[in-house]
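Trainee: First the structure, which I've put down as structure tokens, then a few questions once you've had a look.
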Amino acid sequence: MTSKRMNVTKPKYQQIAVDVAAKIADQTFTVGDKIHARSTLANKYSVSPETARKAISVLVDLEIVQAKHGSGFYVHSMDKAKLFVDQYQDVQSIHDLKDDLIDSVKKQKEELSHFSEILDKLVDQTKRFDSFNPLNPVTFTLTDDAMHLEMTISELNLWQSTSATLIAIKHGDELLVSPGPYAKLTAGDTIYFVGHESTLQRVQNFFYPNS
């Protein structure tokens, strides 16, 4: 079962509080300015008056904004506004770094999976050439999707294309040793050939160019 990471966002009133604090920090709002929570902020951010009030309450609790009874809310501290914004940005940076790390781990897992597939192929080919001797035949079985099926040995030009010297073809229970130029290759045949260390890869590419 795969898990999905949710994109968690801050409540709207917290986002507004941070934005207002940033405006205080950069002196768009200066100390002593009145903030009209229920009208100006609600309209500016397209939120309900209650959401705007919650945002101002956060700033009041942090002593960035001061509530004056019967008068409203006023900017109280630019320094505390800067501190709040800096702390918020630090937290956001941590979340971003965490997300980047998770993405990086995911990509590494995908790359390791691809590497494992390549390694398996390499091990498989290495086993075929274990204790390599150019006079020991190598076997290669042709499947239905192989190229060049139903062609004669003469038509294939196998040695010219791969440097493999074909010494036998196994067709079902029959083993044809030293096949002549008119012998054909069909799906399911196993060919026996000799060559140097790169010959098997060339043979594979010859019959399966897109693999």
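Starting from 1 in every chain, residues are counted up; chains themselves are A, B, ... following the order of the structure tokens, and ligands are numbered from 1 as listed.
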Pick out the residues sitting within 8 Å of A:Lys34, and hand them over as a ChimeraX atom specification; count only C-alpha atoms, and ignore anything fewer than 5 positions along from it in its own chain.
Mentor: /A:72-75
Trainee: How would the residues just picked look written out with N, CA and C atoms as a PDB file, in the first residue's frame?
Mentor:
```
ATOM      1  N   GLY A  72     -10.149  50.202  19.937  1.00  0.00           N
ATOM      2  CA  GLY A  72      -9.759  49.313  18.852  1.00  0.00           C
ATOM      3  C   GLY A  72      -8.384  48.724  19.054  1.00  0.00           C
ATOM      4  N   PHE A  73      -7.723  48.395  17.967  1.00  0.00           N
ATOM      5  CA  PHE A  73      -6.418  47.730  18.012  1.00  0.00           C
ATOM      6  C   PHE A  73      -5.370  48.629  17.358  1.00  0.00           C
ATOM      7  N   TYR A  74      -4.199  48.690  18.014  1.00  0.00           N
ATOM      8  CA  TYR A  74      -3.132  49.578  17.551  1.00  0.00           C
ATOM      9  C   TYR A  74      -1.809  48.813  17.506  1.00  0.00           C
ATOM     10  N   VAL A  75      -0.986  49.191  16.508  1.00  0.00           N
ATOM     11  CA  VAL A  75       0.341  48.594  16.399  1.00  0.00           C
ATOM     12  C   VAL A  75       1.155  48.986  17.632  1.00  0.00           C
TER      13      VAL A  75
END
```
Trainee: Go through stretch 146-204 of chain A and collect every residue that DSSP, computed from the backbone, puts in strand (DSSP E); the answer should be as a list in words.
Mentor: Thr165, Leu166, Ile167, Ala168, Ile169, Lys170, His171, Glu174, Leu175, Leu176, Val177, Thr190, Ile191, Tyr192, Phe193 and Val194 of chain A
Trainee: Taking the DSSP assignment computed from this structure's backbone, write out as a PyMOL selection string all residues of stretch 14-67 of chain A that belong to alpha helix (DSSP H).
Mentor: chain A and resi 14-25+42-44+49-61
Trainee: For A:His148, find every residue with an atom within 8 Å (counting only C-alpha atoms), except residues of its own chain fewer than 5 positions away, and show them as a list in words.
Mentor: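 Counting only the stated atoms, we get Leu156, Leu185 and Phe207 of chain A.
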Trainee: If we count only C-alpha atoms and set the cut-off at 7 Å, which residues sit around A:Ala81, ignoring sequence neighbours fewer than 2 positions away in its own chain? Please answer as a ChimeraX atom specification.
Mentor: /A:21-22,24-25,64,77-79,83-85
Trainee: Excluding A:Pro11 and residues on its chain fewer than 5 positions from it, collect all residues at most 10 Å away from it, counting only C-alpha atoms, and give them as a PyMOL selection string.
Mentor: chain A and resi 16+51+55
Trainee: When you look at stretch 188-202 of chain A with a cut-off of 8 Å (counting only C-alpha atoms), what residues show up, excluding the ones that are within fewer than 3 positions of it in the same chain? I need them as a list in words.
Mentor: Gln125, Phe129, Phe132, Pro134, Leu135, Asn136, Pro137, Val138, Thr139, Phe140, Thr141, Leu142, Thr143, Asp144, Ser161, Thr162, Ser163, Ala164, Thr165, Leu166, Ile167, Ala168, Ile169, Lys170, His171, Gly172, Leu185, Asn205 and Phe206 of chain A
Trainee: Go ahead and save the picked residues with N, CA and C atoms, as a short mmCIF file (atom, residue, chain, number, x, y, z; two decimals), in the first residue's frame.
Mentor:
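Written out: again32.cif:
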```cif
data_model
loop_
_atom_site.label_atom_id
_atom_site.label_comp_id
_atom_site.auth_asym_id
_atom_site.auth_seq_id
_atom_site.Cartn_x
_atom_site.Cartn_y
_atom_site.Cartn_z
N GLN A 125 24.58 -12.12 -16.93
CA GLN A 125 25.53 -12.26 -18.02
C GLN A 125 26.89 -12.72 -17.52
N PHE A 129 29.53 -16.09 -18.40
CA PHE A 129 30.95 -16.00 -18.76
C PHE A 129 31.86 -16.33 -17.58
N PHE A 132 35.63 -17.58 -17.89
CA PHE A 132 35.53 -17.42 -19.34
C PHE A 132 36.70 -18.07 -20.07
N PRO A 134 37.45 -18.58 -24.30
CA PRO A 134 36.89 -18.33 -25.63
C PRO A 134 36.49 -19.58 -26.38
N LEU A 135 36.95 -20.74 -25.90
CA LEU A 135 36.59 -21.98 -26.58
C LEU A 135 35.39 -22.67 -25.94
N ASN A 136 34.94 -22.15 -24.80
CA ASN A 136 33.73 -22.69 -24.17
C ASN A 136 32.51 -22.03 -24.80
N PRO A 137 31.57 -22.81 -25.30
CA PRO A 137 30.41 -22.19 -25.95
C PRO A 137 29.49 -21.48 -24.96
N VAL A 138 28.91 -20.40 -25.43
CA VAL A 138 27.92 -19.64 -24.68
C VAL A 138 26.56 -19.91 -25.31
N THR A 139 25.53 -20.04 -24.46
CA THR A 139 24.19 -20.33 -24.98
C THR A 139 23.32 -19.08 -24.94
N PHE A 140 22.41 -18.99 -25.87
CA PHE A 140 21.48 -17.86 -25.93
C PHE A 140 20.18 -18.35 -26.56
N THR A 141 19.07 -18.22 -25.83
CA THR A 141 17.78 -18.72 -26.31
C THR A 141 16.96 -17.58 -26.90
N LEU A 142 16.38 -17.82 -28.05
CA LEU A 142 15.61 -16.82 -28.77
C LEU A 142 14.13 -16.94 -28.42
N THR A 143 13.50 -15.82 -28.10
CA THR A 143 12.08 -15.80 -27.79
C THR A 143 11.29 -15.28 -28.99
N ASP A 144 9.97 -15.24 -28.83
CA ASP A 144 9.10 -14.84 -29.95
C ASP A 144 9.35 -13.41 -30.42
N SER A 161 28.30 -9.10 -37.60
CA SER A 161 27.59 -8.14 -36.74
C SER A 161 27.96 -8.25 -35.27
N THR A 162 28.36 -9.45 -34.83
CA THR A 162 28.56 -9.65 -33.38
C THR A 162 29.91 -10.25 -33.01
N SER A 163 30.65 -10.73 -33.97
CA SER A 163 31.91 -11.46 -33.78
C SER A 163 31.68 -12.84 -33.14
N ALA A 164 30.41 -13.29 -33.09
CA ALA A 164 30.11 -14.61 -32.54
C ALA A 164 30.25 -15.68 -33.63
N THR A 165 30.93 -16.75 -33.30
CA THR A 165 31.05 -17.88 -34.22
C THR A 165 30.04 -18.94 -33.81
N LEU A 166 29.02 -19.16 -34.63
CA LEU A 166 27.94 -20.09 -34.32
C LEU A 166 28.43 -21.52 -34.52
N ILE A 167 28.28 -22.34 -33.46
CA ILE A 167 28.76 -23.72 -33.57
C ILE A 167 27.64 -24.74 -33.48
N ALA A 168 26.46 -24.32 -32.98
CA ALA A 168 25.36 -25.29 -32.89
C ALA A 168 24.04 -24.56 -32.67
N ILE A 169 22.97 -25.23 -33.06
CA ILE A 169 21.61 -24.73 -32.82
C ILE A 169 20.80 -25.87 -32.22
N LYS A 170 20.15 -25.61 -31.10
CA LYS A 170 19.26 -26.61 -30.51
C LYS A 170 17.83 -26.23 -30.84
N HIS A 171 17.16 -27.09 -31.59
CA HIS A 171 15.78 -26.85 -32.00
C HIS A 171 14.93 -27.97 -31.43
N GLY A 172 14.20 -27.67 -30.34
CA GLY A 172 13.45 -28.72 -29.65
C GLY A 172 14.43 -29.68 -29.02
N LEU A 185 16.85 -19.85 -38.02
CA LEU A 185 16.60 -19.67 -36.59
C LEU A 185 15.13 -19.38 -36.37
N ASN A 205 22.17 -7.54 -28.22
CA ASN A 205 21.76 -6.32 -28.92
C ASN A 205 21.35 -6.61 -30.36
N PHE A 206 21.94 -7.61 -30.95
CA PHE A 206 21.61 -7.97 -32.34
C PHE A 206 20.18 -8.49 -32.44
#
```
Trainee: So, counting only C-alpha atoms, which residue among A:Ser116, A:Ser46, A:Gln66, A:Gln14 is closest to A:Val31?
Mentor: A:Gln66
Trainee: Between A:Glu50, A:Lys12, A:Asp145, A:Val18, which is the closest to A:Asn210 once you count only C-alpha atoms?
Mentor: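 Nearest to A:Asn210: A:Asp145.
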Trainee: Work out how far apart atom CA of A:Thr40 and atom CA of A:Arg53 are and give it in Å to one decimal.
Mentor: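 Calculated distance between atom CA of A:Thr40 and atom CA of A:Arg53 is 11.1 Å.
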